[in-house]
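For reference, work_29.cif is printed below; it contains mmCIF, C-alpha atoms.
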data_start
loop_
_atom_site.label_atom_id
_atom_site.label_comp_id
_atom_site.auth_asym_id
_atom_site.auth_seq_id
_atom_site.Cartn_x
_atom_site.Cartn_y
_atom_site.Cartn_z
CA MET A 1 38.37 14.22 21.36
CA ASN A 2 35.14 15.69 19.89
CA GLU A 3 33.32 12.37 19.55
CA ALA A 4 29.55 12.63 19.09
CA VAL A 5 26.52 10.35 18.83
CA CYS A 6 23.89 11.11 16.19
CA PRO A 7 20.39 11.24 17.76
CA VAL A 8 18.31 11.01 14.59
CA CYS A 9 17.68 7.28 14.14
CA PRO A 10 18.13 4.00 16.03
CA HIS A 11 21.61 3.47 14.57
CA HIS A 12 22.88 6.21 16.90
CA CYS A 13 26.12 6.38 14.94
CA TYR A 14 29.14 7.07 17.16
CA LEU A 15 31.21 9.53 15.17
CA SER A 16 34.75 10.75 15.57
CA GLU A 17 35.61 14.26 14.40
CA GLY A 18 34.90 14.57 10.65
CA ALA A 19 33.21 11.17 10.36
CA PHE A 20 29.91 10.58 8.55
CA GLY A 21 27.04 8.42 9.77
CA ARG A 22 25.80 5.44 7.79
CA CYS A 23 23.22 7.69 6.09
CA GLY A 24 26.02 9.59 4.35
CA ALA A 25 24.39 12.92 5.14
CA ARG A 26 25.21 13.56 8.80
CA LYS A 27 28.69 14.44 10.02
CA ASN A 28 30.51 15.25 13.24
CA VAL A 29 31.77 18.81 12.97
CA GLY A 30 33.55 20.03 16.09
CA GLY A 31 31.66 17.63 18.33
CA THR A 32 28.23 18.46 16.89
CA VAL A 33 26.41 16.22 14.42
CA VAL A 34 25.11 18.31 11.52
CA CYS A 35 23.33 17.49 8.29
CA THR A 36 25.66 18.13 5.37
CA ASN A 37 22.81 17.99 2.85
CA TYR A 38 21.01 21.07 4.23
CA GLY A 39 19.54 22.95 1.27
CA LYS A 40 21.33 20.75 -1.26
CA LEU A 41 18.69 19.40 -3.63
CA THR A 42 19.16 16.63 -6.16
CA ALA A 43 15.58 16.70 -7.44
CA LEU A 44 12.73 19.18 -7.70
CA ALA A 45 9.50 18.52 -9.59
CA LEU A 46 5.81 19.38 -9.52
CA ASP A 47 4.15 15.99 -8.98
CA PRO A 48 0.55 14.82 -8.72
CA ILE A 49 -0.20 14.24 -5.03
CA GLU A 50 -1.19 10.66 -5.92
CA LYS A 51 2.45 9.93 -6.83
CA LYS A 52 3.62 10.25 -3.20
CA PRO A 53 1.42 8.08 -2.92
CA LEU A 54 -1.41 9.89 -1.17
CA ALA A 55 -4.83 8.84 -2.38
CA PHE A 56 -7.01 10.59 0.19
CA PHE A 57 -5.25 13.91 0.74
CA HIS A 58 -6.30 16.69 -1.64
CA PRO A 59 -6.76 14.31 -4.61
CA GLY A 60 -6.27 15.89 -8.00
CA SER A 61 -3.81 18.47 -6.71
CA TYR A 62 -0.07 18.88 -7.25
CA VAL A 63 2.79 19.26 -4.80
CA LEU A 64 6.29 20.65 -5.31
CA SER A 65 8.46 17.63 -4.53
CA VAL A 66 12.07 17.94 -3.41
CA GLY A 67 14.84 15.53 -2.49
CA SER A 68 18.46 15.61 -1.41
CA PHE A 69 20.83 12.66 -0.84
CA GLY A 70 21.32 10.04 1.85
CA CYS A 71 19.30 7.33 3.60
CA ASN A 72 19.63 5.39 6.83
CA LEU A 73 18.38 2.07 5.40
CA SER A 74 20.06 -0.23 2.89
CA CYS A 75 17.23 -1.61 0.76
CA PRO A 76 18.63 -3.69 -2.13
CA PHE A 77 15.53 -2.84 -4.19
CA CYS A 78 15.70 0.96 -3.69
CA GLN A 79 13.90 2.89 -6.43
CA ASN A 80 15.97 6.06 -5.92
CA TYR A 81 19.34 4.50 -5.07
CA GLY A 82 21.23 7.03 -7.20
CA ILE A 83 20.60 9.67 -4.55
CA ALA A 84 19.43 7.68 -1.51
CA ALA A 85 22.53 5.47 -1.41
CA ALA A 86 24.89 8.24 -2.50
CA ARG A 87 27.37 10.38 -0.68
CA GLU A 88 27.46 14.05 -1.68
CA ALA A 89 30.22 13.57 -4.27
CA GLU A 90 28.23 10.75 -5.90
CA ALA A 91 24.84 12.44 -5.98
CA GLY A 92 25.34 14.33 -9.24
CA ARG A 93 24.40 17.94 -9.70
CA LEU A 94 23.25 19.68 -6.52
CA TYR A 95 21.08 22.78 -6.36
CA GLU A 96 21.59 25.11 -3.39
CA VAL A 97 18.08 26.14 -2.33
CA SER A 98 17.47 27.86 0.99
CA PRO A 99 14.22 27.27 2.91
CA GLU A 100 13.17 30.81 2.00
CA ARG A 101 13.77 30.23 -1.71
CA LEU A 102 12.00 26.87 -1.70
CA CYS A 103 8.97 28.47 -0.10
CA GLU A 104 9.02 31.13 -2.81
CA LEU A 105 9.22 28.46 -5.52
CA ALA A 106 6.23 26.68 -4.01
CA GLU A 107 4.21 29.88 -3.99
CA GLU A 108 5.13 30.54 -7.63
CA GLN A 109 3.59 27.17 -8.57
CA ARG A 110 0.21 27.83 -6.95
CA SER A 111 -1.29 28.83 -10.28
CA ARG A 112 -0.49 25.30 -11.55
CA GLY A 113 -2.42 23.63 -8.73
CA ASN A 114 0.42 23.37 -6.23
CA ILE A 115 -0.69 22.97 -2.61
CA GLY A 116 2.75 23.03 -0.96
CA VAL A 117 5.97 21.08 -0.60
CA ALA A 118 6.68 17.34 -0.38
CA TYR A 119 9.95 16.16 1.15
CA THR A 120 10.66 12.94 -0.71
CA TYR A 121 12.90 10.95 -3.14
CA ASN A 122 15.66 10.25 -0.59
CA GLU A 123 15.07 9.81 3.16
CA ALA A 124 14.15 13.34 4.12
CA LEU A 125 14.67 12.93 7.85
CA VAL A 126 18.42 12.41 7.62
CA GLY A 127 18.28 16.16 6.98
CA TYR A 128 15.30 16.87 9.22
CA GLU A 129 16.58 20.36 10.04
CA TYR A 130 15.94 21.48 6.46
CA VAL A 131 12.48 19.89 6.53
CA ARG A 132 11.68 21.66 9.81
CA ASP A 133 12.92 25.07 8.72
CA THR A 134 11.26 24.94 5.29
CA ALA A 135 8.00 23.45 6.52
CA ARG A 136 7.62 26.25 9.05
CA LEU A 137 7.85 28.86 6.28
CA VAL A 138 5.53 26.91 3.99
CA ARG A 139 2.95 26.72 6.77
CA GLU A 140 3.26 30.47 7.43
CA ALA A 141 2.65 31.06 3.70
CA GLY A 142 -0.65 29.19 3.95
CA MET A 143 0.48 26.08 2.09
CA LEU A 144 0.76 22.43 3.07
CA ASN A 145 3.67 20.11 3.88
CA VAL A 146 3.93 16.44 2.92
CA LEU A 147 6.58 14.05 4.21
CA VAL A 148 7.48 10.78 2.49
CA THR A 149 9.61 8.74 4.88
CA ASN A 150 10.74 5.29 5.96
CA GLY A 151 9.79 6.19 9.53
CA THR A 152 13.20 5.15 10.84
CA ALA A 153 13.65 8.11 13.14
CA GLU A 154 13.48 8.65 16.88
CA LEU A 155 10.39 10.32 18.32
CA PRO A 156 12.14 13.54 19.45
CA ILE A 157 13.08 14.14 15.81
CA LEU A 158 9.49 13.52 14.73
CA GLU A 159 8.26 15.97 17.36
CA GLU A 160 10.46 18.72 15.89
CA ILE A 161 8.75 18.56 12.50
CA LEU A 162 5.28 17.32 13.39
CA PRO A 163 3.77 20.75 14.14
CA TYR A 164 4.30 21.71 10.48
CA ILE A 165 3.47 18.45 8.64
CA ASP A 166 -0.01 17.99 7.18
CA ALA A 167 0.32 14.55 5.62
CA MET A 168 2.75 11.64 5.48
CA ASN A 169 3.25 8.53 3.47
CA ILE A 170 5.31 6.15 5.61
CA ASP A 171 6.96 3.00 4.30
CA LEU A 172 6.21 -0.10 6.34
CA LYS A 173 8.69 -2.47 4.74
CA GLY A 174 7.23 -5.59 6.31
CA PHE A 175 6.04 -6.82 9.66
CA THR A 176 8.84 -8.94 11.07
CA PRO A 177 11.98 -7.83 12.90
CA GLU A 178 14.01 -10.03 10.54
CA ILE A 179 12.97 -8.02 7.47
CA TYR A 180 14.04 -4.79 9.11
CA ARG A 181 17.35 -6.24 10.29
CA HIS A 182 18.00 -7.31 6.68
CA LEU A 183 17.36 -3.75 5.51
CA GLY A 184 19.36 -2.14 8.31
CA GLY A 185 16.40 -0.85 10.31
CA ASP A 186 14.19 -1.57 13.30
CA LEU A 187 10.50 -2.48 13.14
CA GLU A 188 9.61 -1.20 16.60
CA THR A 189 11.04 2.24 15.79
CA VAL A 190 8.84 2.45 12.69
CA LYS A 191 5.77 1.28 14.58
CA ARG A 192 6.26 3.98 17.23
CA PHE A 193 6.77 6.56 14.49
CA ILE A 194 3.57 5.57 12.67
CA ALA A 195 1.47 5.50 15.83
CA ARG A 196 2.62 8.98 16.86
CA ALA A 197 2.29 10.50 13.38
CA ALA A 198 -1.23 9.14 12.94
CA ARG A 199 -2.38 11.09 16.00
CA ALA A 200 -1.18 14.38 14.52
CA CYS A 201 -1.68 14.41 10.74
CA HIS A 202 -3.06 12.53 7.78
CA VAL A 203 -1.12 9.26 7.34
CA GLU A 204 -1.07 6.71 4.54
CA LEU A 205 1.20 3.67 4.57
CA THR A 206 3.02 1.81 1.79
CA THR A 207 4.28 -1.76 1.77
CA LEU A 208 6.33 -2.73 -1.29
CA VAL A 209 5.82 -6.47 -1.72
CA VAL A 210 9.05 -8.27 -2.66
CA PRO A 211 8.74 -11.96 -3.63
CA GLY A 212 10.20 -14.22 -0.98
CA MET A 213 10.76 -11.37 1.47
CA ASN A 214 7.45 -9.97 2.73
CA ASP A 215 4.75 -11.73 0.69
CA SER A 216 3.38 -13.88 3.52
CA THR A 217 -0.40 -13.71 3.84
CA GLU A 218 -0.25 -14.25 7.58
CA ASP A 219 2.29 -11.46 8.03
CA MET A 220 0.03 -9.12 6.04
CA ARG A 221 -2.92 -10.04 8.27
CA ARG A 222 -0.82 -9.21 11.33
CA GLU A 223 0.34 -5.95 9.78
CA ALA A 224 -3.20 -4.90 8.86
CA ALA A 225 -4.54 -5.83 12.29
CA TRP A 226 -1.87 -3.70 13.95
CA ILE A 227 -2.66 -0.74 11.67
CA ALA A 228 -6.37 -1.15 12.41
CA GLY A 229 -5.55 -0.95 16.11
CA ILE A 230 -4.43 2.62 15.46
CA ASP A 231 -7.20 3.46 12.99
CA PRO A 232 -8.88 1.07 10.50
CA ALA A 233 -9.37 4.01 8.12
CA ILE A 234 -5.61 4.48 7.57
CA PRO A 235 -5.03 3.78 3.85
CA LEU A 236 -2.55 1.02 3.02
CA HIS A 237 -0.88 0.99 -0.40
CA ILE A 238 0.30 -2.51 -1.30
CA THR A 239 2.80 -1.85 -4.05
CA ARG A 240 4.25 -4.18 -6.66
CA TYR A 241 8.00 -4.68 -6.73
CA PHE A 242 10.01 -4.56 -9.96
CA PRO A 243 13.74 -5.44 -10.28
CA ARG A 244 15.86 -2.47 -9.27
CA TYR A 245 19.29 -1.60 -7.87
CA LYS A 246 20.86 -4.80 -6.44
CA MET A 247 17.79 -7.04 -6.60
CA ARG A 248 16.91 -9.07 -9.69
CA ARG A 249 14.02 -11.19 -8.50
CA PRO A 250 11.08 -11.22 -10.95
CA PRO A 251 8.24 -8.73 -10.41
CA THR A 252 5.63 -9.60 -7.81
CA ASP A 253 2.88 -11.83 -9.15
CA ILE A 254 -0.41 -9.95 -9.49
CA ALA A 255 -2.25 -12.88 -7.93
CA VAL A 256 -0.07 -12.54 -4.85
CA MET A 257 -0.87 -8.83 -4.69
CA ARG A 258 -4.59 -9.51 -4.77
CA ARG A 259 -4.26 -12.22 -2.11
CA LEU A 260 -2.48 -9.78 0.19
CA GLN A 261 -5.07 -7.10 -0.53
CA ASP A 262 -7.84 -9.51 0.49
CA ALA A 263 -5.99 -10.33 3.70
CA ALA A 264 -5.46 -6.67 4.56
CA GLU A 265 -9.10 -5.86 3.86
CA GLU A 266 -10.11 -8.20 6.67
CA HIS A 267 -8.99 -5.37 8.98
CA LEU A 268 -8.66 -2.17 6.95
CA ALA A 269 -11.25 -0.09 5.10
CA ARG A 270 -8.94 1.35 2.43
CA VAL A 271 -6.41 -0.96 0.78
CA LEU A 272 -5.02 0.02 -2.62
CA LEU A 273 -2.79 -1.82 -5.07
CA GLY A 274 0.06 0.13 -6.65
CA ASN A 275 2.29 -0.46 -9.70
CA VAL A 276 -0.15 -3.02 -11.10
#
Before anything else, please render the file you have as structure tokens.
Amino acid sequence: MNEAVCPVCPHHCYLSEGAFGRCGARKNVGGTVVCTNYGKLTALALDPIEKKPLAFFHPGSYVLSVGSFGCNLSCPFCQNYGIAAAREAEAGRLYEVSPERLCELAEEQRSRGNIGVAYTYNEALVGYEYVRDTARLVREAGMLNVLVTNGTAELPILEEILPYIDAMNIDLKGFTPEIYRHLGGDLETVKRFIARAARACHVELTTLVVPGMNDSTEDMRREAAWIAGIDPAIPLHITRYFPRYKMRRPPTDIAVMRRLQDAAEEHLARVLLGNV
């Protein structure tokens, strides 16, 4: 029968032979779930580290940023929906880049201030095998690895990559189970992911504030208090929403952003506003 269950995220997609998971990047091939986006890049750019966003990890440096296609959430406000929500045939031009070649490209950019590789743009962990294999080589070459992720992955997957990751920015979409159900995720999974990652590498968090969805002051206080229980020095980026993809609500009011920043600062030492 060759059925298989994907172990990567809490969806645990049950796949018949040849079927794809909801992320659009993992497929049952002969009874084994594989990532079909391995080494298939949709984007590659040398970005300022602050763009990840990472404000307290090698500020002023650059990082070679790469992305593929696929995501295991369904955010109606996705900023990179053209690749994150796409299947391979919809993702546009793909560049075949092996882990070895990507490591070479990163080394070639050292003279321009590059410190390593960032796995970003789409949800990198739907193709965690490529992250793991590349990050190992990047580490051996004396460079750094940055992961930008929604944190919607099971801990055994995190453990596979964690020995090679130096910094993460993790999206914390909100702090209620209802928000995550709306987006197709699970809050407790993300909380476990953040808590484990913060014990092993530099972590910064991002909450994109969408009007009417996660702009409650009390929810932000609860979120910040939980983060502080891990480490009050973890930076939190509170980021302004703008209409994108399927969502046409007006941009987040700046006054709301500042109110949420004040609430978060009751518990956290480093709270930054983004997109303002």
Original post:
Which distance in Å separates atom CA of A:Ala91 and atom CA of A:Gly24, to one decimal?
Top reply: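 Atom CA of A:Gly24 lies at a distance of 10.8 Å from atom CA of A:Ala91.
Take the PyMOL selection byres ((chain A and resi 240-253) around 9) and apply it to this file: it picks Cys75, Pro76, Phe77, Cys78, Gln79, Asn80, Tyr81, Gly82, Thr207, Leu208, Val209, Val210, Pro211, Gly212, Asp215, Ile238, Thr239, Ile254, Ala255, Val256, Met257, Arg258, Leu273, Gly274, Asn275 and Val276 of chain A.
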**OP:** Apply the PyMOL selection byres ((chain A and resi 179) around 12) to the displayed file and report the matching residues as a list in words.
**Re:**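 After applying the PyMOL selection byres ((chain A and resi 179) around 12), what remains is Leu73, Ser74, Cys75, Pro76, Leu172, Lys173, Gly174, Phe175, Thr176, Pro177, Glu178, Tyr180, Arg181, His182, Leu183, Gly184, Gly185, Asp186, Leu187, Glu188, Val209, Val210, Gly212, Met213, Asn214, Asp215, Ser216 and Asp219 of chain A.
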Original post:
What does the distance from atom CA of A:His202 to atom CA of A:Leu162 come to in Å, to one decimal?
Top reply: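 Computed distance, atom CA of A:His202 to atom CA of A:Leu162, equals 11.1 Å.
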Original post:
For the atom pair atom CA of A:Pro48 and atom CA of A:Asn114, what is the interatomic distance in Å to one decimal place?
Top reply: 8.9 Å
Subject >> Best match for closeness to A:Asn169 among A:Glu223, A:Glu50, A:Glu90, A:Glu104, counting only C-alpha atoms >> reply: A:Glu50
**OP:** Could you give me, as number ranges by chain, the residues within 9 Å of A:Leu268, counting all atoms listed in the file and dropping anything in the same chain fewer than 4 positions from it?
**Re:** A: 224-225, 227-228, 231-236, 264
Using C-alpha atoms, can you export the residues from the last selection as an mmCIF file, in the frame of the given file?
data_model
loop_
_atom_site.group_PDB
_atom_site.id
_atom_site.type_symbol
_atom_site.label_atom_id
_atom_site.label_comp_id
_atom_site.auth_asym_id
_atom_site.auth_seq_id
_atom_site.Cartn_x
_atom_site.Cartn_y
_atom_site.Cartn_z
ATOM 1 C CA ALA A 224 -3.200 -4.900 8.860
ATOM 2 C CA ALA A 225 -4.540 -5.830 12.290
ATOM 3 C CA ILE A 227 -2.660 -0.740 11.670
ATOM 4 C CA ALA A 228 -6.370 -1.150 12.410
ATOM 5 C CA ASP A 231 -7.200 3.460 12.990
ATOM 6 C CA PRO A 232 -8.880 1.070 10.500
ATOM 7 C CA ALA A 233 -9.370 4.010 8.120
ATOM 8 C CA ILE A 234 -5.610 4.480 7.570
ATOM 9 C CA PRO A 235 -5.030 3.780 3.850
ATOM 10 C CA LEU A 236 -2.550 1.020 3.020
ATOM 11 C CA ALA A 264 -5.460 -6.670 4.560
#
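Distances from A:Gly92, A:Gly142, A:Pro163, A:Gly70 to A:Cys35 were compared using only C-alpha atoms, and the smallest one belongs to A:Gly70.
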Original post:
Which is closer to A:Lys51 than all the others in A:Val8, A:Val63, A:Val117, A:Ile165, using only C-alpha atoms?
Top reply: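 When distances to A:Lys51 are compared using only C-alpha atoms, the smallest one comes from A:Val63.
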Subject >> Using all atoms listed in the file: which of A:Phe20, A:Tyr62, A:Tyr121, A:Tyr14 has the shortest distance to A:Thr42 >> reply: A:Tyr121
Subject >> the PyMOL selection byres ((chain A and resi 136-139) around 12) applied to the shown file, residues as a PyMOL selection string >> reply: chain A and resi 63-64+98-107+114-119+129-135+140-146+160-166
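If you measure from each of A:Val33, A:Ala43, A:Leu125, A:Ile83 to A:Leu147 using all atoms listed in the file, the closest one turns out to be A:Leu125.
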**OP:** Pick out the closest residue to A:Cys9 from this set: A:Ala200, A:Pro53, A:Gly229, A:Ala153. Count all atoms listed in the file.
**Re:**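 Of all the options, A:Ala153 lies closest to A:Cys9.
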Repaired coordinates for stretch 74-95 of chain A (N, CA, C and O atoms) as a PDB file, in the frame of the given file:
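And here is the file that came out, rebuild27.pdb:
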ATOM      1  N   SER A  74      19.262   0.332   3.993  1.00  0.00           N
ATOM      2  CA  SER A  74      20.060  -0.230   2.890  1.00  0.00           C
ATOM      3  C   SER A  74      19.218  -1.219   2.110  1.00  0.00           C
ATOM      4  O   SER A  74      19.507  -2.421   2.067  1.00  0.00           O
ATOM      5  N   CYS A  75      18.153  -0.738   1.495  1.00  0.00           N
ATOM      6  CA  CYS A  75      17.230  -1.610   0.760  1.00  0.00           C
ATOM      7  C   CYS A  75      17.838  -1.998  -0.594  1.00  0.00           C
ATOM      8  O   CYS A  75      18.125  -1.101  -1.404  1.00  0.00           O
ATOM      9  N   PRO A  76      18.020  -3.281  -0.866  1.00  0.00           N
ATOM     10  CA  PRO A  76      18.630  -3.690  -2.130  1.00  0.00           C
ATOM     11  C   PRO A  76      17.744  -3.454  -3.343  1.00  0.00           C
ATOM     12  O   PRO A  76      18.209  -3.558  -4.476  1.00  0.00           O
ATOM     13  N   PHE A  77      16.477  -3.099  -3.111  1.00  0.00           N
ATOM     14  CA  PHE A  77      15.530  -2.840  -4.190  1.00  0.00           C
ATOM     15  C   PHE A  77      15.194  -1.359  -4.307  1.00  0.00           C
ATOM     16  O   PHE A  77      14.196  -0.993  -4.930  1.00  0.00           O
ATOM     17  N   CYS A  78      15.996  -0.485  -3.743  1.00  0.00           N
ATOM     18  CA  CYS A  78      15.700   0.960  -3.690  1.00  0.00           C
ATOM     19  C   CYS A  78      15.398   1.521  -5.074  1.00  0.00           C
ATOM     20  O   CYS A  78      16.130   1.295  -6.039  1.00  0.00           O
ATOM     21  N   GLN A  79      14.322   2.287  -5.154  1.00  0.00           N
ATOM     22  CA  GLN A  79      13.900   2.890  -6.430  1.00  0.00           C
ATOM     23  C   GLN A  79      14.679   4.155  -6.752  1.00  0.00           C
ATOM     24  O   GLN A  79      14.759   4.562  -7.906  1.00  0.00           O
ATOM     25  N   ASN A  80      15.244   4.795  -5.726  1.00  0.00           N
ATOM     26  CA  ASN A  80      15.970   6.060  -5.920  1.00  0.00           C
ATOM     27  C   ASN A  80      17.409   5.925  -5.408  1.00  0.00           C
ATOM     28  O   ASN A  80      17.947   6.863  -4.816  1.00  0.00           O
ATOM     29  N   TYR A  81      18.024   4.775  -5.650  1.00  0.00           N
ATOM     30  CA  TYR A  81      19.340   4.500  -5.070  1.00  0.00           C
ATOM     31  C   TYR A  81      20.408   5.484  -5.521  1.00  0.00           C
ATOM     32  O   TYR A  81      21.394   5.711  -4.819  1.00  0.00           O
ATOM     33  N   GLY A  82      20.222   6.105  -6.694  1.00  0.00           N
ATOM     34  CA  GLY A  82      21.230   7.030  -7.200  1.00  0.00           C
ATOM     35  C   GLY A  82      21.461   8.217  -6.292  1.00  0.00           C
ATOM     36  O   GLY A  82      22.560   8.781  -6.258  1.00  0.00           O
ATOM     37  N   ILE A  83      20.430   8.589  -5.522  1.00  0.00           N
ATOM     38  CA  ILE A  83      20.600   9.670  -4.550  1.00  0.00           C
ATOM     39  C   ILE A  83      20.492   9.163  -3.111  1.00  0.00           C
ATOM     40  O   ILE A  83      21.195   9.650  -2.228  1.00  0.00           O
ATOM     41  N   ALA A  84      19.626   8.156  -2.876  1.00  0.00           N
ATOM     42  CA  ALA A  84      19.430   7.680  -1.510  1.00  0.00           C
ATOM     43  C   ALA A  84      20.673   6.983  -0.982  1.00  0.00           C
ATOM     44  O   ALA A  84      21.027   7.118   0.191  1.00  0.00           O
ATOM     45  N   ALA A  85      21.342   6.223  -1.838  1.00  0.00           N
ATOM     46  CA  ALA A  85      22.530   5.470  -1.410  1.00  0.00           C
ATOM     47  C   ALA A  85      23.825   6.234  -1.642  1.00  0.00           C
ATOM     48  O   ALA A  85      24.912   5.704  -1.421  1.00  0.00           O
ATOM     49  N   ALA A  86      23.707   7.476  -2.087  1.00  0.00           N
ATOM     50  CA  ALA A  86      24.890   8.240  -2.500  1.00  0.00           C
ATOM     51  C   ALA A  86      25.439   9.112  -1.385  1.00  0.00           C
ATOM     52  O   ALA A  86      24.706   9.603  -0.531  1.00  0.00           O
ATOM     53  N   ARG A  87      26.741   9.299  -1.409  1.00  0.00           N
ATOM     54  CA  ARG A  87      27.370  10.380  -0.680  1.00  0.00           C
ATOM     55  C   ARG A  87      27.286  11.646  -1.531  1.00  0.00           C
ATOM     56  O   ARG A  87      26.934  11.595  -2.708  1.00  0.00           O
ATOM     57  N   GLU A  88      27.618  12.786  -0.966  1.00  0.00           N
ATOM     58  CA  GLU A  88      27.460  14.050  -1.680  1.00  0.00           C
ATOM     59  C   GLU A  88      28.200  14.056  -3.014  1.00  0.00           C
ATOM     60  O   GLU A  88      27.664  14.495  -4.034  1.00  0.00           O
ATOM     61  N   ALA A  89      29.413  13.542  -3.047  1.00  0.00           N
ATOM     62  CA  ALA A  89      30.220  13.570  -4.270  1.00  0.00           C
ATOM     63  C   ALA A  89      29.657  12.653  -5.348  1.00  0.00           C
ATOM     64  O   ALA A  89      29.992  12.809  -6.526  1.00  0.00           O
ATOM     65  N   GLU A  90      28.786  11.713  -4.957  1.00  0.00           N
ATOM     66  CA  GLU A  90      28.230  10.750  -5.900  1.00  0.00           C
ATOM     67  C   GLU A  90      26.825  11.114  -6.360  1.00  0.00           C
ATOM     68  O   GLU A  90      26.252  10.439  -7.209  1.00  0.00           O
ATOM     69  N   ALA A  91      26.257  12.155  -5.787  1.00  0.00           N
ATOM     70  CA  ALA A  91      24.840  12.440  -5.980  1.00  0.00           C
ATOM     71  C   ALA A  91      24.540  13.229  -7.247  1.00  0.00           C
ATOM     72  O   ALA A  91      23.383  13.527  -7.535  1.00  0.00           O
ATOM     73  N   GLY A  92      25.573  13.572  -8.020  1.00  0.00           N
ATOM     74  CA  GLY A  92      25.340  14.330  -9.240  1.00  0.00           C
ATOM     75  C   GLY A  92      25.205  15.812  -8.948  1.00  0.00           C
ATOM     76  O   GLY A  92      25.665  16.319  -7.923  1.00  0.00           O
ATOM     77  N   ARG A  93      24.534  16.494  -9.844  1.00  0.00           N
ATOM     78  CA  ARG A  93      24.400  17.940  -9.700  1.00  0.00           C
ATOM     79  C   ARG A  93      23.520  18.298  -8.513  1.00  0.00           C
ATOM     80  O   ARG A  93      22.435  17.746  -8.330  1.00  0.00           O
ATOM     81  N   LEU A  94      23.996  19.221  -7.686  1.00  0.00           N
ATOM     82  CA  LEU A  94      23.250  19.680  -6.520  1.00  0.00           C
ATOM     83  C   LEU A  94      22.812  21.130  -6.718  1.00  0.00           C
ATOM     84  O   LEU A  94      23.565  21.948  -7.253  1.00  0.00           O
ATOM     85  N   TYR A  95      21.614  21.431  -6.275  1.00  0.00           N
ATOM     86  CA  TYR A  95      21.080  22.780  -6.360  1.00  0.00           C
ATOM     87  C   TYR A  95      20.980  23.349  -4.946  1.00  0.00           C
ATOM     88  O   TYR A  95      20.319  22.765  -4.085  1.00  0.00           O
TER      89      TYR A  95
END
